[in-house]
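Chemist: File follows, target_18.txt with compact mmCIF, C-alpha atoms:
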# COMPACT_ATOMS: atom_id res chain seq x y z
CA MET A 1 0.09 17.00 1.83
CA HIS A 2 0.10 16.67 -1.95
CA ILE A 3 0.73 13.27 -3.55
CA LEU A 4 -0.07 12.76 -7.57
CA VAL A 5 -1.41 9.76 -9.54
CA ARG A 6 0.52 9.14 -12.77
CA ALA A 7 -2.64 9.27 -14.88
CA PRO A 8 -6.42 9.71 -14.42
CA PHE A 9 -8.32 6.73 -13.05
CA PRO A 10 -10.73 6.02 -15.98
CA GLU A 11 -8.32 3.64 -17.80
CA PRO A 12 -5.88 1.09 -16.31
CA ILE A 13 -2.50 2.76 -15.88
CA GLU A 14 0.68 1.12 -17.12
CA HIS A 15 3.02 -0.53 -14.64
CA GLY A 16 0.64 -1.23 -11.82
CA VAL A 17 -1.31 1.86 -10.87
CA ASN A 18 -4.87 1.10 -11.88
CA ASP A 19 -8.25 2.70 -11.95
CA LEU A 20 -10.44 2.84 -8.87
CA ALA A 21 -13.66 3.19 -10.86
CA LYS A 22 -15.09 4.65 -14.04
CA SER A 23 -16.21 7.74 -12.18
CA PRO A 24 -14.57 9.59 -9.26
CA LEU A 25 -15.31 8.07 -5.89
CA SER A 26 -17.03 10.23 -3.32
CA THR A 27 -14.99 10.84 -0.20
CA THR A 28 -18.12 11.58 1.85
CA PRO A 29 -19.09 8.52 3.94
CA PRO A 30 -22.69 7.61 4.75
CA GLN A 31 -23.86 9.32 7.95
CA SER A 32 -24.44 6.02 9.72
CA ALA A 33 -21.17 4.37 8.65
CA ALA A 34 -18.60 3.55 11.32
CA PRO A 35 -15.21 5.20 10.79
CA VAL A 36 -12.70 3.30 8.67
CA ARG A 37 -9.84 2.32 10.98
CA VAL A 38 -6.43 2.84 9.34
CA PHE A 39 -2.84 2.01 10.33
CA ILE A 40 0.16 3.66 8.61
CA LEU A 41 3.63 2.19 8.10
CA ASP A 42 6.33 4.41 6.58
CA ASP A 43 9.96 4.89 7.59
CA HIS A 44 9.89 8.60 6.68
CA GLU A 45 8.34 10.68 9.46
CA VAL A 46 7.35 13.53 7.14
CA VAL A 47 5.46 11.18 4.81
CA ARG A 48 3.88 9.33 7.73
CA ARG A 49 2.67 12.56 9.33
CA GLY A 50 1.43 13.89 6.01
CA VAL A 51 -0.63 10.78 5.31
CA ARG A 52 -1.96 10.79 8.87
CA ASP A 53 -2.97 14.47 8.73
CA LEU A 54 -4.64 13.92 5.35
CA LEU A 55 -6.68 10.93 6.54
CA GLU A 56 -7.60 12.36 9.96
CA ALA A 57 -8.95 15.51 8.31
CA GLU A 58 -11.50 13.33 6.48
CA ASP A 59 -14.83 12.48 8.09
CA GLY A 60 -15.33 8.78 8.56
CA ILE A 61 -11.65 7.81 8.74
CA GLU A 62 -9.78 7.19 11.98
CA VAL A 63 -6.01 6.59 12.13
CA VAL A 64 -5.58 4.05 14.95
CA GLY A 65 -1.79 3.72 14.85
CA GLU A 66 1.44 4.16 12.97
CA ALA A 67 4.91 2.63 12.78
CA SER A 68 8.27 3.52 11.28
CA ASN A 69 9.57 -0.02 10.76
CA ALA A 70 8.40 -3.59 10.19
CA ARG A 71 8.98 -4.75 13.77
CA GLU A 72 6.79 -1.99 15.19
CA ALA A 73 4.07 -2.62 12.61
CA LEU A 74 3.92 -6.36 13.28
CA ALA A 75 3.57 -5.66 16.99
CA ARG A 76 1.08 -2.79 16.81
CA VAL A 77 -1.28 -3.68 13.96
CA PRO A 78 -2.86 -6.76 15.59
CA ALA A 79 -3.41 -4.75 18.79
CA SER A 80 -5.00 -1.76 17.04
CA ARG A 81 -7.28 -3.90 14.79
CA PRO A 82 -7.42 -1.61 11.72
CA GLN A 83 -9.52 -2.35 8.65
CA VAL A 84 -6.86 -0.91 6.33
CA ALA A 85 -3.07 -0.86 6.62
CA VAL A 86 -1.29 1.70 4.41
CA LEU A 87 2.18 0.17 3.99
CA ASP A 88 5.28 1.67 2.42
CA VAL A 89 6.90 -0.90 0.11
CA ARG A 90 10.50 0.06 0.95
CA LEU A 91 11.56 0.53 4.57
CA GLY A 92 15.09 1.91 4.57
CA ASP A 93 17.72 -0.72 5.44
CA ASP A 94 15.26 -3.30 6.72
CA PRO A 95 16.82 -6.81 6.71
CA ARG A 96 13.74 -8.09 4.86
CA GLY A 97 15.08 -6.42 1.72
CA ASP A 98 13.82 -3.82 -0.79
CA HIS A 99 10.22 -5.01 -0.48
CA ALA A 100 10.08 -5.15 3.32
CA GLY A 101 6.63 -3.56 3.40
CA ILE A 102 5.31 -6.35 1.20
CA GLU A 103 6.74 -8.92 3.62
CA VAL A 104 4.88 -7.08 6.39
CA CYS A 105 1.72 -7.31 4.28
CA ARG A 106 2.23 -11.06 3.86
CA GLU A 107 2.73 -11.63 7.60
CA LEU A 108 -0.17 -9.39 8.64
CA ARG A 109 -2.52 -11.07 6.17
CA ALA A 110 -1.55 -14.45 7.64
CA LEU A 111 -2.51 -13.15 11.10
CA MET A 112 -5.50 -11.04 9.99
CA PRO A 113 -7.03 -12.31 6.72
CA GLU A 114 -9.71 -9.61 6.91
CA LEU A 115 -7.13 -6.80 6.83
CA ALA A 116 -6.95 -4.78 3.58
CA CYS A 117 -3.36 -3.75 2.78
CA LEU A 118 -2.80 -0.74 0.53
CA MET A 119 0.81 -0.59 -0.68
CA LEU A 120 2.26 2.90 -1.06
CA THR A 121 5.53 3.39 -2.95
CA SER A 122 7.70 5.97 -4.69
CA PHE A 123 8.86 3.42 -7.26
CA ASP A 124 7.00 2.13 -10.32
CA ASP A 125 8.18 -1.47 -10.03
CA ASP A 126 6.48 -4.39 -11.77
CA GLU A 127 8.21 -6.96 -9.56
CA ALA A 128 7.03 -5.16 -6.43
CA LEU A 129 3.50 -5.08 -7.84
CA PHE A 130 3.67 -8.80 -8.54
CA ASP A 131 5.00 -9.57 -5.04
CA ALA A 132 2.26 -7.38 -3.57
CA ILE A 133 -0.40 -9.34 -5.46
CA MET A 134 1.06 -12.63 -4.22
CA ALA A 135 1.21 -11.27 -0.65
CA GLY A 136 -2.53 -10.51 -0.74
CA ALA A 137 -2.42 -6.73 -1.05
CA ALA A 138 -5.75 -5.12 -1.96
CA GLY A 139 -4.21 -2.12 -3.70
CA TYR A 140 -0.95 -0.61 -4.94
CA VAL A 141 -0.49 3.14 -5.51
CA LEU A 142 2.40 5.52 -6.10
CA LYS A 143 3.18 8.28 -3.61
CA GLN A 144 2.53 10.72 -6.46
CA ILE A 145 -1.19 10.07 -5.96
CA ASN A 146 -3.13 13.20 -4.95
CA GLY A 147 -4.77 13.43 -1.55
CA ALA A 148 -8.38 12.97 -2.68
CA ASP A 149 -7.49 9.85 -4.64
CA LEU A 150 -5.54 8.37 -1.71
CA ILE A 151 -8.61 8.86 0.50
CA ALA A 152 -10.74 7.22 -2.20
CA ALA A 153 -8.24 4.33 -2.38
CA VAL A 154 -8.47 3.78 1.38
CA ARG A 155 -12.28 3.73 1.20
CA THR A 156 -12.19 1.39 -1.79
CA VAL A 157 -10.06 -1.30 -0.15
CA ALA A 158 -11.92 -0.86 3.16
CA SER A 159 -15.14 -1.77 1.33
CA GLY A 160 -13.61 -5.08 0.25
CA THR A 161 -12.97 -4.01 -3.36
CA SER A 162 -9.57 -4.73 -4.90
CA MET A 163 -7.77 -1.95 -6.77
CA LEU A 164 -5.65 -4.46 -8.69
CA ASP A 165 -6.82 -4.61 -12.30
CA PRO A 166 -6.79 -8.21 -13.67
CA ARG A 167 -5.27 -7.07 -16.97
CA THR A 168 -2.42 -5.33 -15.16
CA THR A 169 -1.86 -8.40 -13.01
CA ALA A 170 -1.76 -10.69 -16.06
CA ARG A 171 0.70 -8.39 -17.84
CA VAL A 172 3.06 -8.28 -14.87
CA MET A 173 2.97 -12.06 -14.45
CA ALA A 174 3.74 -12.57 -18.15
CA ARG A 175 6.63 -10.13 -17.96
CA LEU A 176 8.15 -11.84 -14.94
CA ARG A 177 8.04 -15.20 -16.69
CA GLY A 178 10.53 -13.81 -19.19
CA PRO A 179 10.82 -14.33 -22.98
CA GLN A 180 8.96 -17.05 -24.86
CA ARG A 181 10.52 -20.51 -24.53
CA THR A 182 10.80 -23.30 -27.05
CA PRO A 183 8.51 -26.30 -26.39
CA ALA A 184 11.46 -28.22 -24.89
CA GLU A 185 12.42 -25.32 -22.62
CA GLU A 186 8.78 -24.84 -21.63
CA SER A 187 8.55 -28.48 -20.60
CA GLU A 188 11.73 -28.27 -18.52
CA ALA A 189 10.70 -25.12 -16.65
CA SER A 190 6.95 -25.65 -16.33
CA GLU A 191 7.21 -26.97 -12.77
CA LEU A 192 8.78 -23.71 -11.63
CA ASP A 193 6.60 -21.22 -13.50
CA ARG A 194 4.17 -20.90 -10.63
CA LEU A 195 6.85 -19.49 -8.31
CA THR A 196 7.61 -15.81 -7.83
CA ALA A 197 11.10 -14.45 -8.48
CA ARG A 198 11.82 -14.45 -4.74
CA GLU A 199 10.56 -18.01 -4.35
CA ARG A 200 12.85 -19.10 -7.20
CA GLN A 201 15.79 -17.56 -5.31
CA ILE A 202 14.85 -19.42 -2.16
CA LEU A 203 14.35 -22.68 -4.05
CA ASP A 204 17.81 -22.39 -5.62
CA LEU A 205 19.32 -21.93 -2.15
CA ILE A 206 17.37 -24.96 -0.89
CA GLY A 207 18.99 -26.84 -3.78
CA GLU A 208 22.39 -25.73 -2.48
CA GLY A 209 21.51 -27.23 0.89
CA LEU A 210 21.21 -23.98 2.88
CA THR A 211 19.19 -23.96 6.09
CA ASN A 212 16.34 -21.50 6.70
CA ARG A 213 18.65 -19.33 8.79
CA GLU A 214 21.35 -19.31 6.10
CA ILE A 215 18.79 -18.45 3.43
CA ALA A 216 17.46 -15.63 5.62
CA GLU A 217 20.97 -14.23 6.07
CA ARG A 218 21.78 -14.55 2.36
CA LEU A 219 18.61 -12.75 1.23
CA PHE A 220 18.32 -10.34 4.18
CA LEU A 221 14.92 -11.72 5.20
CA ALA A 222 13.43 -12.70 8.54
CA GLU A 223 13.79 -16.43 9.25
CA LYS A 224 10.02 -16.66 9.78
CA THR A 225 9.47 -15.11 6.35
CA VAL A 226 11.74 -17.73 4.77
CA LYS A 227 9.81 -20.48 6.54
CA ASN A 228 6.50 -19.09 5.23
CA ARG A 229 7.91 -18.76 1.70
CA ILE A 230 9.17 -22.35 1.76
CA SER A 231 5.72 -23.58 2.81
CA SER A 232 4.28 -21.71 -0.19
CA ILE A 233 6.94 -23.18 -2.51
CA LEU A 234 6.22 -26.74 -1.38
CA ALA A 235 2.48 -26.21 -1.85
CA LYS A 236 2.93 -24.79 -5.38
CA LEU A 237 5.28 -27.60 -6.40
CA GLY A 238 3.02 -30.25 -4.90
CA VAL A 239 5.74 -31.77 -2.71
CA GLY A 240 5.67 -32.45 1.00
CA ARG A 241 9.28 -31.91 2.08
CA ARG A 242 12.11 -29.55 1.21
CA ILE A 243 14.33 -32.47 0.18
CA HIS A 244 11.82 -33.22 -2.59
CA ALA A 245 12.02 -29.59 -3.71
CA ALA A 246 15.84 -29.80 -3.72
CA MET A 247 15.66 -32.96 -5.82
CA LEU A 248 13.35 -31.16 -8.27
CA VAL A 249 15.87 -28.32 -8.63
CA GLY A 250 18.66 -30.81 -9.29
CA ARG A 251 16.59 -32.69 -11.87
CA ILE A 252 15.70 -29.52 -13.79
CA LYS A 253 19.28 -28.23 -13.73
CA ASP A 254 20.50 -31.58 -14.98
CA ARG A 255 18.06 -31.37 -17.90
CA GLN A 256 19.33 -27.86 -18.63
CA GLY A 257 22.95 -29.03 -18.59
CA GLN A 258 23.79 -27.22 -15.34
CA THR A 259 25.59 -28.76 -12.41
CA PRO A 260 23.61 -28.31 -9.20
CA VAL A 261 25.66 -27.03 -6.28
CA ARG A 262 25.75 -29.47 -3.41
CA ARG A 263 27.02 -28.58 0.04
CA ILE A 264 28.63 -31.16 2.29
Kindly transcribe the structure held in the file into structure tokens.
Modeler:
Amino acid sequence: MHILVRAPFPEPIEHGVNDLAKSPLSTTPPQSAAPVRVFILDDHEVVRRGVRDLLEAEDGIEVVGEASNAREALARVPASRPQVAVLDVRLGDDPRGDHAGIEVCRELRALMPELACLMLTSFDDDEALFDAIMAGAAGYVLKQINGADLIAAVRTVASGTSMLDPRTTARVMARLRGPQRTPAEESEASELDRLTARERQILDLIGEGLTNREIAERLFLAEKTVKNRISSILAKLGVGRRIHAAMLVGRIKDRQGQTPVRRI
């Protein structure tokens, strides 16, 4: 299988694909090292088989399972106990949305904090990179990466090293915050700046009075995912209950001259 990286590793690459190291990583494991256990999630069988064949041909790497959708992955990964999960960002028409693989990463990391998730995607997407960082992913690479570098990426995250360059992360976060605000606008929005784009969507729907189930249906997410996101929102905003978060939304919209939507 042949997959390409957009640019050589020595310098951080624009839009989220970053360097593994200043010199090429060796793909030859120490003789005494235990095999790196890897799980693969991709909805395309050809890609999944190609990645599996590539990894299994390498000494010191063992593929312990695979899945074609989020439900299978969430059931099989805890049972197979991999060290690394290679997760496709987009999983067809999954109800979790365009970044279903990132939601899988978030849920798996909650169950298995020691698991290193390597996100694999065809799309160069800053928002997906940002969501992956917030979900606890250890790395993010394009499917154009070549085989040797994908193997190196798996070994890198398995060793506990992050492939996410801090400068790239900072740039993406700044971009997602949007254009510079005036001091007054900055003051009004400062309470929400810590939230991701998806969390802002959920918070707005909380402000409309939607239940977790209604939010899940509106955003095509799992209800459990919405519950986890709301817990994160409350923690970031420093409030204890969703009604307090809804009141915060109403207060900010009032300051901005907007009329908050209230459902009876």
Chemist: Which residues are near region 64-67 of chain A? Cut-off 9 Å, only C-alpha atoms, ignore same chain within fewer than 5 positions. Put them as a count of residues only.
Modeler: 16
Chemist: Nearest to Ala152 (chain A): which of A:Ala245, A:Asp193, A:Gly60, A:Leu108 is it, counting all atoms listed in the file?
Modeler: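 Closest candidate: A:Gly60.
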Chemist: Given only C-alpha atoms as the basis, pick out the residue of A:Ser122, A:Thr225, A:Ser232, A:Ser68 nearest to Pro95 (chain A).
Modeler: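 Among A:Ser122, A:Thr225, A:Ser232, A:Ser68, it is A:Thr225 that comes nearest to Pro95 (chain A).
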Chemist: How far is it from CA of Pro113 (chain A) to CA of Lys236 (chain A), in Å with one decimal?
Modeler: 20.0 Å
Chemist: Quick one: pull the distance between CA of Glu103 (chain A) and CA of Arg213 (chain A), Å, one decimal.
Modeler: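 Separating CA of Glu103 (chain A) from CA of Arg213 (chain A) is a distance of 16.6 Å.
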Chemist: To one decimal in Å, tell me the separation between CA of Ala137 (chain A) and CA of Cys117 (chain A).
Modeler: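 Interatomic distance here is 4.9 Å.
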Chemist: Looking at A:Gly50, A:Leu91, A:Ala158, A:Val84, which one is nearest to Ala33 (chain A), with distances taken over only C-alpha atoms?
Modeler: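 For Ala33 (chain A), the nearest of the given residues is A:Ala158.
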Chemist: Between A:Val86, A:Met119, A:Cys105, A:Ala138, which one has atoms that come closest to Val63 (chain A), using only C-alpha atoms?
Modeler: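 Checking each of A:Val86, A:Met119, A:Cys105, A:Ala138 against Val63 (chain A), counting only C-alpha atoms, the winner is A:Val86.
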Chemist: May I have the residues within 10 Å of region 53-57 of chain A as a list in words, using only C-alpha atoms and disregarding those fewer than 2 positions away in the same chain?
Modeler: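 Near region 53-57 of chain A, the qualifying residues are Met1, His2, Val36, Val38, Val47, Arg48, Arg49, Gly50, Val51, Asp59, Gly60, Ile61, Glu62, Val63, Val64, Gly147, Ala148, Leu150, Ile151 and Val154 of chain A.
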Chemist: Find the spatial neighbours of Arg96 (chain A), counting all atoms listed in the file, within a cut-off of 6 Å - ignore same-chain residues fewer than 5 positions away - and output them as a PyMOL selection string.
Modeler: chain A and resi 220-222
